[in-house]
$ cat structure27.tsv   # TSV, C-alpha atoms
chain	number	residue	atom	x	y	z
V	1	MET	CA	-5.04	30.35	21.74
V	2	LEU	CA	-5.83	27.36	23.89
V	3	ASP	CA	-9.59	27.65	23.98
V	4	GLY	CA	-9.95	28.25	20.22
V	5	MET	CA	-12.09	31.34	20.80
V	6	SER	CA	-11.42	34.76	19.32
V	7	GLU	CA	-10.00	37.44	21.53
V	8	PRO	CA	-12.59	39.74	23.10
V	9	GLY	CA	-13.39	42.50	20.66
V	10	THR	CA	-11.80	40.84	17.62
V	11	PRO	CA	-14.18	41.73	14.78
V	12	ALA	CA	-15.84	39.31	12.41
V	13	VAL	CA	-14.29	39.30	8.94
V	14	VAL	CA	-16.36	39.35	5.76
V	15	PHE	CA	-14.48	38.49	2.58
V	16	ASP	CA	-15.29	39.44	-0.95
V	17	LEU	CA	-14.52	36.46	-3.19
V	18	ASP	CA	-13.43	37.38	-6.71
V	19	GLY	CA	-10.09	39.16	-6.85
V	20	THR	CA	-9.86	39.08	-3.06
V	21	LEU	CA	-9.77	35.45	-1.95
V	22	VAL	CA	-9.24	33.97	-5.40
V	23	ASP	CA	-7.82	35.11	-8.74
V	24	SER	CA	-11.04	34.60	-10.68
V	25	GLU	CA	-10.95	37.73	-12.81
V	26	PRO	CA	-9.20	36.00	-15.76
V	27	ASN	CA	-12.11	33.53	-15.85
V	28	TYR	CA	-14.67	36.35	-15.65
V	29	TYR	CA	-12.90	38.17	-18.46
V	30	GLU	CA	-12.82	35.12	-20.70
V	31	ALA	CA	-16.50	34.37	-20.03
V	32	ALA	CA	-17.44	37.98	-20.79
V	33	ARG	CA	-15.26	38.08	-23.91
V	34	ARG	CA	-16.90	34.95	-25.33
V	35	THR	CA	-20.43	36.17	-24.58
V	36	LEU	CA	-19.83	39.59	-26.08
V	37	ALA	CA	-18.17	38.09	-29.16
V	38	GLU	CA	-21.24	35.91	-29.65
V	39	HIS	CA	-23.36	39.06	-29.66
V	40	GLY	CA	-21.28	41.05	-32.11
V	41	VAL	CA	-18.61	42.64	-29.88
V	42	PRO	CA	-15.41	40.87	-31.02
V	43	ASP	CA	-12.76	43.09	-29.44
V	44	PHE	CA	-13.59	43.28	-25.72
V	45	THR	CA	-10.23	43.87	-24.02
V	46	TRP	CA	-8.80	43.18	-20.58
V	47	THR	CA	-8.47	46.93	-20.04
V	48	GLU	CA	-12.19	47.32	-20.69
V	49	HIS	CA	-12.92	44.42	-18.35
V	50	GLU	CA	-11.05	46.15	-15.54
V	51	GLY	CA	-13.83	48.72	-15.47
V	52	TYR	CA	-16.28	45.99	-14.42
V	53	VAL	CA	-14.18	44.56	-11.60
V	54	GLY	CA	-16.15	44.56	-8.36
V	55	ILE	CA	-19.68	44.62	-9.74
V	56	SER	CA	-22.00	41.65	-10.25
V	57	THR	CA	-22.37	39.74	-13.52
V	58	TRP	CA	-25.99	40.91	-13.72
V	59	GLU	CA	-25.00	44.57	-13.39
V	60	SER	CA	-22.22	44.05	-15.93
V	61	ALA	CA	-24.80	42.65	-18.35
V	62	VAL	CA	-26.97	45.75	-17.83
V	63	LEU	CA	-24.01	47.98	-18.68
V	64	TRP	CA	-22.94	45.91	-21.71
V	65	ARG	CA	-26.43	46.08	-23.16
V	66	GLU	CA	-26.44	49.86	-22.86
V	67	ARG	CA	-22.84	50.44	-23.92
V	68	TYR	CA	-22.86	48.18	-26.97
V	69	GLY	CA	-26.53	48.50	-27.96
V	70	LEU	CA	-27.08	44.75	-27.68
V	71	ARG	CA	-30.46	43.28	-28.62
V	72	ALA	CA	-30.17	40.33	-26.24
V	73	SER	CA	-31.91	40.70	-22.88
V	74	VAL	CA	-29.97	41.27	-19.68
V	75	ARG	CA	-31.04	37.81	-18.53
V	76	GLU	CA	-29.72	36.19	-21.70
V	77	LEU	CA	-26.37	37.93	-21.35
V	78	PHE	CA	-26.17	37.10	-17.65
V	79	GLU	CA	-27.03	33.42	-18.07
V	80	ALA	CA	-24.61	32.93	-20.98
V	81	THR	CA	-21.77	34.61	-19.08
V	82	ASN	CA	-22.51	32.80	-15.84
V	83	ARG	CA	-22.63	29.43	-17.63
V	84	ARG	CA	-19.27	30.04	-19.28
V	85	TYR	CA	-17.77	31.33	-16.04
V	86	LEU	CA	-18.87	28.24	-14.11
V	87	GLU	CA	-17.27	25.99	-16.72
V	88	LEU	CA	-13.98	27.87	-16.36
V	89	ALA	CA	-14.18	28.18	-12.57
V	90	ARG	CA	-14.65	24.45	-12.06
V	91	THR	CA	-11.56	23.61	-14.09
V	92	GLY	CA	-9.30	25.81	-12.02
V	93	THR	CA	-9.44	28.86	-9.79
V	94	ARG	CA	-6.40	29.80	-7.73
V	95	ALA	CA	-6.73	30.96	-4.14
V	96	TYR	CA	-4.22	33.65	-3.18
V	97	PRO	CA	-1.74	31.96	-0.81
V	98	GLU	CA	-1.63	34.74	1.81
V	99	MET	CA	-5.42	35.06	1.78
V	100	ARG	CA	-5.69	31.32	2.38
V	101	LYS	CA	-3.29	31.69	5.30
V	102	PHE	CA	-5.39	34.59	6.64
V	103	VAL	CA	-8.58	32.53	6.47
V	104	GLU	CA	-6.87	29.61	8.22
V	105	LEU	CA	-5.44	31.90	10.90
V	106	LEU	CA	-8.85	33.45	11.60
V	107	ALA	CA	-10.42	29.99	11.80
V	108	ALA	CA	-7.75	28.80	14.21
V	109	GLU	CA	-8.41	31.82	16.42
V	110	GLY	CA	-12.19	31.31	16.34
V	111	VAL	CA	-12.91	34.57	14.51
V	112	PRO	CA	-16.32	34.54	12.76
V	113	THR	CA	-15.96	34.76	8.98
V	114	ALA	CA	-18.20	34.95	5.93
V	115	VAL	CA	-18.06	35.44	2.16
V	116	ALA	CA	-20.20	38.17	0.57
V	117	SER	CA	-19.93	38.25	-3.20
V	118	GLY	CA	-21.53	39.62	-6.33
V	119	SER	CA	-21.20	36.17	-7.92
V	120	SER	CA	-24.05	33.69	-8.11
V	121	LEU	CA	-24.43	31.29	-5.19
V	122	GLU	CA	-23.62	28.41	-7.52
V	123	ALA	CA	-20.36	30.07	-8.57
V	124	ILE	CA	-19.37	30.91	-4.99
V	125	GLU	CA	-19.96	27.37	-3.79
V	126	ALA	CA	-18.11	25.88	-6.77
V	127	ILE	CA	-15.04	28.05	-6.15
V	128	LEU	CA	-14.97	27.53	-2.38
V	129	ALA	CA	-15.29	23.76	-2.85
V	130	GLY	CA	-12.68	23.69	-5.61
V	131	THR	CA	-10.13	25.60	-3.53
V	132	GLY	CA	-10.98	23.87	-0.24
V	133	LEU	CA	-11.86	27.20	1.38
V	134	ASP	CA	-15.33	25.87	2.12
V	135	ALA	CA	-13.82	24.06	5.12
V	136	GLN	CA	-13.41	27.39	6.91
V	137	LEU	CA	-15.87	29.70	5.13
V	138	ARG	CA	-19.32	28.27	5.78
V	139	THR	CA	-21.38	31.48	5.85
V	140	VAL	CA	-21.94	32.63	2.28
V	141	VAL	CA	-24.06	35.43	0.82
V	142	SER	CA	-24.59	36.08	-2.88
V	143	ALA	CA	-25.80	39.37	-4.32
V	144	ASP	CA	-28.56	37.27	-5.89
V	145	GLU	CA	-30.02	36.90	-2.39
V	146	VAL	CA	-30.36	40.61	-1.61
V	147	PRO	CA	-32.20	43.50	-3.29
V	148	ARG	CA	-29.12	45.40	-4.47
V	149	GLY	CA	-25.54	44.51	-5.38
V	150	LYS	CA	-22.41	46.48	-4.55
V	151	PRO	CA	-21.83	49.43	-4.12
V	152	ALA	CA	-25.04	49.11	-2.09
V	153	PRO	CA	-24.33	47.62	1.36
V	154	ASP	CA	-27.00	44.89	1.22
V	155	VAL	CA	-24.73	41.85	0.77
V	156	PHE	CA	-22.46	42.86	3.66
V	157	LEU	CA	-25.37	43.68	5.97
V	158	GLU	CA	-26.88	40.27	5.25
V	159	ALA	CA	-23.55	38.59	6.04
V	160	ALA	CA	-23.42	40.41	9.39
V	161	ARG	CA	-26.99	39.35	10.12
V	162	ARG	CA	-26.21	35.71	9.42
V	163	LEU	CA	-23.10	35.87	11.60
V	164	GLY	CA	-25.11	37.49	14.39
V	165	VAL	CA	-22.68	40.41	14.56
V	166	ALA	CA	-23.49	44.14	14.40
V	167	PRO	CA	-22.21	45.84	11.23
V	168	ALA	CA	-19.81	47.95	13.30
V	169	GLY	CA	-18.29	44.70	14.56
V	170	CYS	CA	-17.34	43.54	11.06
V	171	VAL	CA	-14.29	44.19	8.90
V	172	VAL	CA	-14.63	43.69	5.15
V	173	VAL	CA	-11.74	42.51	2.95
V	174	GLU	CA	-12.17	43.88	-0.59
V	175	ASP	CA	-10.25	44.33	-3.82
V	176	ALA	CA	-12.55	46.66	-5.74
V	177	ALA	CA	-13.80	50.23	-5.37
V	178	PRO	CA	-17.53	49.31	-5.42
V	179	GLY	CA	-16.91	46.83	-2.61
V	180	ALA	CA	-15.04	49.39	-0.54
V	181	ALA	CA	-17.96	51.78	-1.05
V	182	ALA	CA	-20.40	49.05	0.00
V	183	ALA	CA	-18.42	48.36	3.18
V	184	HIS	CA	-18.40	52.05	4.05
V	185	ALA	CA	-22.16	52.30	3.41
V	186	ALA	CA	-22.68	49.28	5.68
V	187	GLY	CA	-20.82	50.98	8.53
V	188	MET	CA	-18.01	48.43	8.40
V	189	ARG	CA	-14.26	49.00	8.39
V	190	CYS	CA	-12.48	47.82	5.25
V	191	ILE	CA	-9.14	46.24	4.45
V	192	ALA	CA	-8.68	47.21	0.79
V	193	VAL	CA	-6.34	45.11	-1.34
V	194	PRO	CA	-6.77	46.62	-4.84
V	195	TYR	CA	-6.87	44.10	-7.66
V	196	VAL	CA	-6.04	46.82	-10.17
V	197	ALA	CA	-3.04	48.69	-8.77
V	198	ALA	CA	-3.79	51.78	-10.84
V	199	GLN	CA	-7.11	52.12	-9.00
V	200	ALA	CA	-5.54	52.41	-5.53
V	201	ASP	CA	-6.18	56.17	-5.58
V	202	ALA	CA	-9.90	55.75	-6.32
V	203	PRO	CA	-11.93	57.86	-3.87
V	204	GLU	CA	-13.79	54.78	-2.63
V	205	PHE	CA	-10.52	53.33	-1.30
V	206	ALA	CA	-9.92	56.52	0.69
V	207	THR	CA	-12.66	55.31	3.07
V	208	ALA	CA	-10.76	52.08	3.83
V	209	ALA	CA	-9.37	51.69	7.33
V	210	LEU	CA	-6.36	49.84	5.87
V	211	LEU	CA	-5.25	50.25	2.26
V	212	VAL	CA	-2.71	47.71	1.00
V	213	ARG	CA	-1.62	49.78	-1.99
V	214	GLY	CA	0.51	47.02	-3.51
V	215	GLY	CA	-2.43	44.62	-3.67
V	216	GLN	CA	-1.90	40.87	-3.26
V	217	ALA	CA	1.87	41.22	-3.75
V	218	GLU	CA	2.03	43.28	-0.56
V	219	PHE	CA	-0.68	41.61	1.53
V	220	THR	CA	0.37	39.18	4.28
V	221	ALA	CA	-1.82	37.18	6.64
V	222	GLN	CA	0.26	38.02	9.70
V	223	SER	CA	0.24	41.78	9.12
V	224	ALA	CA	-3.51	41.78	8.44
V	225	TYR	CA	-4.20	39.78	11.59
V	226	ALA	CA	-1.92	42.03	13.64
V	227	TRP	CA	-3.78	45.10	12.37
V	228	LEU	CA	-7.11	43.43	13.08
V	229	THR	CA	-6.29	42.67	16.71
V	230	GLU	CA	-4.46	45.95	17.39
V	231	THR	CA	-7.33	48.09	16.13
V	232	ALA	CA	-10.20	45.96	17.43
V	233	GLY	CA	-13.05	47.58	19.30
V	234	PRO	CA	-15.85	45.87	21.21
V	235	ARG	CA	-18.04	43.61	19.11

$ encode --input "structure27.tsv" --output "structure tokens"
Amino acid sequence: MLDGMSEPGTPAVVFDLDGTLVDSEPNYYEAARRTLAEHGVPDFTWTEHEGYVGISTWESAVLWRERYGLRASVRELFEATNRRYLELARTGTRAYPEMRKFVELLAAEGVPTAVASGSSLEAIEAILAGTGLDAQLRTVVSADEVPRGKPAPDVFLEAARRLGVAPAGCVVVEDAAPGAAAAHAAGMRCIAVPYVAAQADAPEFATAALLVRGGQAEFTAQSAYAWLTETAGPR
């Protein structure tokens, strides 16, 4: 488009980060595995980790403490995991190629965008800088900045507020069931790209306006943008 502005009615797009824009779950798993091993849980598996995809590190720590009867405080577990995650994230986090293309396409068309994540602000900024996505994604909200994490809608509502767009004028891109539930609770349409393929039939994904059942392997920037513009309502 010659004027660099988004088409009338094209909604703002709010991206989840982990598992949606970038393949950070292996780093989260390794950080969690090391922390739990340190506290007497030596056999934390990837399958178990999949149950925590889409919720914040703090909320994961709450659940670990209850599930494994850990004596360490939630804050201790959170800080240890977050520290390890940051070390891993800084050494290498891969952005999904088609998601990068989607972000670049939206930027070129002047579509407002934001990141709303359950990760700490420090982790979000480190990953965006490391992948170069910070050049396009300048509005960032961490769950640490709002009262409740996903599946509550707080982080998405704050992103809409910062963009100056009504919630109904936003589309969320998410990989996890709690995020899809949060988008629905916020009154936002959702493009769901499940990180765990086996979870595509989760009831939370049934609320998505567009479900890419095959996950990242099936997602393309052009098809997502075409859907976005074809289904756009007034912002």

$ residues_around --input "structure27.tsv" --residues "V:Arg213" --least-positions-apart "6" --cutoff "12 Å" --atoms "only C-alpha atoms" --output "PyMOL selection string"
chain V and resi 175-176+191-202+205-206+219

$ residues_around --input "structure27.tsv" --residues "V:Gln136" --least-positions-apart "2" --cutoff "12 Å" --atoms "all atoms listed in the file" --output "count of residues only"
26

$ closest_residue --input "structure27.tsv" --among "V:Val13, V:Asn82, V:Glu38, V:Glu87" --to "V:Ala160" --atoms "all atoms listed in the file"
V:Val13

$ atom_distance --input "structure27.tsv" --atom1 "atom CA of V:Gly164" --atom2 "atom CA of V:Asp23"
29.0 Å

$ atom_distance --input "structure27.tsv" --atom1 "atom CA of V:Ser120" --atom2 "atom CA of V:Glu158"
15.2 Å

$ closest_residue --input "structure27.tsv" --among "V:Glu230, V:Glu79, V:Glu218, V:Asp154" --to "V:Ala183" --atoms "all atoms listed in the file"
V:Asp154

$ atom_distance --input "structure27.tsv" --atom1 "atom CA of V:Pro147" --atom2 "atom CA of V:Gly19"
22.8 Å

$ closest_atom_pairs --input "structure27.tsv" --of "stretch 123-151 of chain V" --to "stretch 59-64 of chain V" --cutoff "12 Å" --atoms "all atoms listed in the file" --output "tab-separated table"
residue	atom	partner	partner_atom	distance
V:Ala143	CA	V:Glu59	CA	10.5
V:Asp144	CA	V:Glu59	CA	11.1
V:Arg148	CA	V:Glu59	CA	9.9
V:Gly149	CA	V:Glu59	CA	8.0
V:Lys150	CA	V:Glu59	CA	9.4
V:Pro151	CA	V:Glu59	CA	10.9

$ residues_around --input "structure27.tsv" --residues "V:Val141" --least-positions-apart "4" --cutoff "9 Å" --atoms "all atoms listed in the file" --output "list in words"
Ala114, Val115, Ala116, Ser117, Gly118, Leu121, Ile124, Glu145, Val146, Val155, Phe156, Glu158, Ala159 and Arg162 of chain V

$ write_last_selection --input "structure27.tsv" --atoms "C-alpha atoms" --output "mmCIF file, in the coordinates of the input"
data_model
loop_
_atom_site.group_PDB
_atom_site.id
_atom_site.type_symbol
_atom_site.label_atom_id
_atom_site.label_comp_id
_atom_site.auth_asym_id
_atom_site.auth_seq_id
_atom_site.Cartn_x
_atom_site.Cartn_y
_atom_site.Cartn_z
ATOM 1 C CA ALA V 114 -18.200 34.950 5.930
ATOM 2 C CA VAL V 115 -18.060 35.440 2.160
ATOM 3 C CA ALA V 116 -20.200 38.170 0.570
ATOM 4 C CA SER V 117 -19.930 38.250 -3.200
ATOM 5 C CA GLY V 118 -21.530 39.620 -6.330
ATOM 6 C CA LEU V 121 -24.430 31.290 -5.190
ATOM 7 C CA ILE V 124 -19.370 30.910 -4.990
ATOM 8 C CA GLU V 145 -30.020 36.900 -2.390
ATOM 9 C CA VAL V 146 -30.360 40.610 -1.610
ATOM 10 C CA VAL V 155 -24.730 41.850 0.770
ATOM 11 C CA PHE V 156 -22.460 42.860 3.660
ATOM 12 C CA GLU V 158 -26.880 40.270 5.250
ATOM 13 C CA ALA V 159 -23.550 38.590 6.040
ATOM 14 C CA ARG V 162 -26.210 35.710 9.420
#

$ closest_residue --input "structure27.tsv" --among "V:Leu70, V:Leu36, V:Leu210, V:Ala89" --to "V:Val173" --atoms "all atoms listed in the file"
V:Leu210
